[in-house]
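Single-structure report; data block below.
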Amino acid sequence: MTLDLKLDFYPAPNPSRTGVLVLPGGSYGFISMEKEGLAPARWLNEHRIHAWVLSYTVAGTSSTTPIFPAPQNEALEAVRRIRAGARVDRLGIWGFSAGGHLAAVTATHPDAGLDFAILAYPVISMAAGTAHEGSRRNLIGDACDAGGDAEAAMCAEKRVGACTPPTFLFHTANDAAVPVQNALLFAAAMARHRRPFEILVLPDGPHGIGLALGDERLGWTGELWRWLKGLAIVG
């Protein structure tokens with residue numbers, strides 16, 4: 001059965017043959033489109049990178065909870081379709097908050113074959129005490145056994161392996177919504193598996209800051225761009 005995707009394409013002028021699938025956040029309950037979808041797409045286009053923004057399934061009036069595995073299937077299908085379009089030679093994924101969880105789960109899927117991942121203040125774990133409760137509830141449900149197989153399968157840090165692509169992680173140390181331990185867990189897993197990564201943790205800042213362009217205290221995309229250029233896959 002063919003999945004019905006809402007996948008919007010934002011072409012870059014003078015493109016570099018690199019593309020990124022963008023997954024906005026929203027606790028798996030809504031899509032934070034402007035701050036975490038359209039703004040990243042514009043930033044990527046300014047850097048000669050094609051962007052695709054996926055409006056994946058979220059909990060709401062038309063979708064009952066838990067919504068797993070609909071978003072995960074949609075993200076993998078989006079990767080497949082972008083690759084099939086032959087517009088890019090290199091494809092990354094960029095997710096924010098709950099979209100960061102979806103990006104991490106996709107990047108660690110053996111069939112994705114992504115070239116890099118960017119995880120901004122991501123939900124990583126579905127374990128009690130670390131997981132963002134709203135994201136966990138919407139994705140796998142309150143009835144999902146703590147410590148069970150279904151929960152473990154959606155703990156992205158447990159999915160890191162030898163084929164996980166280079167990853168850039170950004171978080172703030174005092175994020176009150178999604179604890180920084182999420183990003184730290186993923187970084188530790190990357191280190192254990194000797195996979196390349198960079199983690200940038202700012203000492204102070206709220207959850208959901210988006211790109212924070214022009215903010216001297218919270219801006220982080222300069223470091224992201226330096227990292228991307230270091231991968232030698234963007235010009």
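We label chains A, B, ... in the order they appear in the structure tokens, count residues from 1 in each chain, and number ligands from 1 in the order shown.
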I'd like a table as a tab-separated table: residues in region 4-57 of chain A with an atom no more than 12 Å from region 177-189 of chain A, each row giving the shortest atom pair and its distance in Å to one decimal, only C-alpha atoms counted, sorted by chain and rising residue number.
```
residue	atom	partner	partner_atom	distance
A:Gly25	CA	A:Val178	CA	11.7
A:Gly26	CA	A:Ala177	CA	11.6
A:Ser27	CA	A:Val178	CA	10.1
```
Could you write out that same residue set with all heavy atoms as a short mmCIF file (atom, residue, chain, number, x, y, z; two decimals), in the first residue's frame?
```
data_model
loop_
_atom_site.label_atom_id
_atom_site.label_comp_id
_atom_site.auth_asym_id
_atom_site.auth_seq_id
_atom_site.Cartn_x
_atom_site.Cartn_y
_atom_site.Cartn_z
N GLY A 25 9.04 19.66 15.21
CA GLY A 25 8.58 19.06 16.45
C GLY A 25 7.13 19.36 16.73
O GLY A 25 6.39 19.84 15.88
N GLY A 26 6.72 19.06 17.98
CA GLY A 26 5.34 19.28 18.38
C GLY A 26 4.77 18.17 19.24
O GLY A 26 3.56 17.94 19.24
N SER A 27 5.64 17.46 19.97
CA SER A 27 5.21 16.43 20.93
C SER A 27 4.43 15.28 20.29
O SER A 27 3.70 14.59 20.99
CB SER A 27 4.35 17.04 22.04
OG SER A 27 5.00 18.11 22.67
#
```
Exercise for review: Please provide as a PyMOL selection string all residues within 9 Å of region 169-174 of chain A, with the sequence filter that same-chain residues fewer than 2 positions apart are discarded (counting only C-alpha atoms).
Suggested key: chain A and resi 117-122+167+176-177+179-184+186-187+197-207+218+220+224
**Study point:** Proximity to Arg159 (chain A) - best of A:Thr106, A:Ile233, A:Ala212, A:Phe116, only C-alpha atoms
**Key:**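 Residue with the minimum atom-to-atom distance to Arg159 (chain A): A:Thr106.
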Practice item. Write out as an NGL selection string the residues lying within 12 Å of His109 (chain A), counting only C-alpha atoms and excluding same-chain residues fewer than 5 positions away. Key: :A and (72-73 or 75-76 or 79 or 102-104 or 114 or 153-154 or 156-165)
Just to be explicit: take each residue in the selection above, keep C-alpha atoms, and write the result as a PDB file, in the first residue's frame.
```pdb
ATOM      1  CA  GLN A  72       8.182   6.163  11.508  1.00  0.00           C
ATOM      2  CA  ASN A  73       6.817   4.559   8.331  1.00  0.00           C
ATOM      3  CA  ALA A  75       9.681   9.235   7.466  1.00  0.00           C
ATOM      4  CA  LEU A  76      11.247   6.144   5.891  1.00  0.00           C
ATOM      5  CA  VAL A  79      13.603   9.174   2.476  1.00  0.00           C
ATOM      6  CA  LEU A 102      11.656  10.744  14.600  1.00  0.00           C
ATOM      7  CA  ALA A 103      14.873  11.840  12.887  1.00  0.00           C
ATOM      8  CA  ALA A 104      17.006   9.784  15.294  1.00  0.00           C
ATOM      9  CA  LEU A 114      21.314   8.581   5.412  1.00  0.00           C
ATOM     10  CA  ALA A 153      12.424  -0.168  20.312  1.00  0.00           C
ATOM     11  CA  MET A 154      11.636   3.549  20.372  1.00  0.00           C
ATOM     12  CA  ALA A 156      16.791   5.970  19.841  1.00  0.00           C
ATOM     13  CA  GLU A 157      19.961   5.684  21.925  1.00  0.00           C
ATOM     14  CA  LYS A 158      19.528   1.893  21.920  1.00  0.00           C
ATOM     15  CA  ARG A 159      19.369   1.818  18.119  1.00  0.00           C
ATOM     16  CA  VAL A 160      22.781   3.398  17.436  1.00  0.00           C
ATOM     17  CA  GLY A 161      25.129   1.050  15.619  1.00  0.00           C
ATOM     18  CA  ALA A 162      27.983   0.746  13.176  1.00  0.00           C
ATOM     19  CA  CYS A 163      25.965   2.290  10.335  1.00  0.00           C
ATOM     20  CA  THR A 164      24.556   5.308  12.181  1.00  0.00           C
ATOM     21  CA  PRO A 165      25.547   8.396  10.163  1.00  0.00           C
TER      22      PRO A 165
END
```
Check your understanding: Hey, what does DSSP flag as strand (DSSP E) within region 1-189 of chain A? Can you give it to me as JSON, numbers by chain?
Key -> {"A": [7, 8, 9, 10, 18, 19, 20, 21, 22, 23, 50, 51, 52, 53, 54, 90, 91, 92, 93, 94, 95, 96, 116, 117, 118, 119, 120, 167, 168, 169, 170, 171, 172]}
Point to revise | Selected residue, from A:Pro11, A:Ala78, A:Ala70, A:Arg137, that lies nearest to Glu46 (chain A) when counting only C-alpha atoms | key: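 Result for the nearest residue to Glu46 (chain A): A:Pro11.
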Review point. With distances taken over only C-alpha atoms, which of A:Leu38, A:Ala59, A:Val123, A:Val53 is nearest to Asn138 (chain A)?
Key: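 Checking each candidate against Asn138 (chain A), we get A:Ala59 as the closest.
Between CA of Gly219 (chain A) and CA of Tyr56 (chain A) the interatomic distance comes to 27.1 Å.
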**Study point:** For Leu139 (chain A), the nearest of the candidates A:Lys229, A:Arg192, A:His47, A:His101, counting only C-alpha atoms
**Key:**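 Between A:Lys229, A:Arg192, A:His47, A:His101, the residue approaching Leu139 (chain A) most closely is A:His101.
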Practice item. Return as a PyMOL selection string the full set of residues in region 48-232 of chain A whose backbone-based DSSP assignment is helix (DSSP H, G or I). Key: chain A and resi 70-84+98-107+133-140+149-153+156-158+181-192+221-230
Next, write the just-selected residues to a file, as an mmCIF file, in the first residue's frame, keeping C-alpha atoms as the atom set.
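So the final result, stored in part-v8.cif, reads:
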```cif
data_model
loop_
_atom_site.group_PDB
_atom_site.id
_atom_site.type_symbol
_atom_site.label_atom_id
_atom_site.label_comp_id
_atom_site.auth_asym_id
_atom_site.auth_seq_id
_atom_site.Cartn_x
_atom_site.Cartn_y
_atom_site.Cartn_z
ATOM 1 C CA ALA A 70 2.694 5.780 11.355
ATOM 2 C CA PRO A 71 5.284 8.600 11.704
ATOM 3 C CA GLN A 72 8.182 6.163 11.508
ATOM 4 C CA ASN A 73 6.817 4.559 8.331
ATOM 5 C CA GLU A 74 6.161 7.959 6.786
ATOM 6 C CA ALA A 75 9.681 9.235 7.466
ATOM 7 C CA LEU A 76 11.247 6.144 5.891
ATOM 8 C CA GLU A 77 8.967 6.484 2.878
ATOM 9 C CA ALA A 78 9.914 10.158 2.566
ATOM 10 C CA VAL A 79 13.603 9.174 2.476
ATOM 11 C CA ARG A 80 12.849 6.585 -0.187
ATOM 12 C CA ARG A 81 10.940 9.054 -2.368
ATOM 13 C CA ILE A 82 13.584 11.770 -2.083
ATOM 14 C CA ARG A 83 16.271 9.294 -3.094
ATOM 15 C CA ALA A 84 14.126 8.056 -5.983
ATOM 16 C CA ALA A 98 9.723 15.131 18.907
ATOM 17 C CA GLY A 99 10.771 15.529 15.278
ATOM 18 C CA GLY A 100 14.292 14.978 16.586
ATOM 19 C CA HIS A 101 13.129 11.643 17.966
ATOM 20 C CA LEU A 102 11.656 10.744 14.600
ATOM 21 C CA ALA A 103 14.873 11.840 12.887
ATOM 22 C CA ALA A 104 17.006 9.784 15.294
ATOM 23 C CA VAL A 105 14.861 6.681 14.879
ATOM 24 C CA THR A 106 14.996 7.099 11.097
ATOM 25 C CA ALA A 107 18.741 7.738 10.993
ATOM 26 C CA GLU A 133 5.774 12.502 28.670
ATOM 27 C CA GLY A 134 3.542 14.061 26.026
ATOM 28 C CA SER A 135 5.605 12.670 23.157
ATOM 29 C CA ARG A 136 5.686 9.217 24.739
ATOM 30 C CA ARG A 137 1.934 9.251 25.361
ATOM 31 C CA ASN A 138 1.119 10.277 21.807
ATOM 32 C CA LEU A 139 3.554 7.881 20.149
ATOM 33 C CA ILE A 140 3.394 4.633 22.139
ATOM 34 C CA ASP A 149 10.254 -4.256 24.210
ATOM 35 C CA ALA A 150 7.965 -1.681 22.561
ATOM 36 C CA GLU A 151 9.418 1.112 24.678
ATOM 37 C CA ALA A 152 12.987 -0.057 24.082
ATOM 38 C CA ALA A 153 12.424 -0.168 20.312
ATOM 39 C CA ALA A 156 16.791 5.970 19.841
ATOM 40 C CA GLU A 157 19.961 5.684 21.925
ATOM 41 C CA LYS A 158 19.528 1.893 21.920
ATOM 42 C CA GLN A 181 19.968 13.875 29.165
ATOM 43 C CA ASN A 182 18.225 12.916 25.920
ATOM 44 C CA ALA A 183 20.971 14.409 23.756
ATOM 45 C CA LEU A 184 23.655 13.136 26.131
ATOM 46 C CA LEU A 185 22.330 9.573 25.896
ATOM 47 C CA PHE A 186 22.535 9.643 22.115
ATOM 48 C CA ALA A 187 26.010 11.176 22.168
ATOM 49 C CA ALA A 188 27.206 8.507 24.605
ATOM 50 C CA ALA A 189 25.824 5.782 22.332
ATOM 51 C CA MET A 190 27.626 7.306 19.354
ATOM 52 C CA ALA A 191 30.857 7.338 21.365
ATOM 53 C CA ARG A 192 30.431 3.699 22.401
ATOM 54 C CA THR A 221 23.622 27.502 13.365
ATOM 55 C CA GLY A 222 27.108 28.918 12.855
ATOM 56 C CA GLU A 223 28.562 25.869 14.570
ATOM 57 C CA LEU A 224 26.192 23.622 12.645
ATOM 58 C CA TRP A 225 27.423 25.082 9.355
ATOM 59 C CA ARG A 226 31.043 24.644 10.390
ATOM 60 C CA TRP A 227 30.286 20.982 11.151
ATOM 61 C CA LEU A 228 28.479 20.440 7.859
ATOM 62 C CA LYS A 229 31.385 21.889 5.899
ATOM 63 C CA GLY A 230 33.705 19.589 7.811
#
```
Check your understanding: What does the distance between CA of Pro24 (chain A) and CA of Asp89 (chain A) come to in Å, to one decimal place?
Key ->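 Here the two named atoms are 23.2 Å from each other.
Separating CA of Pro40 (chain A) from CA of Ile93 (chain A) is a distance of 11.4 Å.
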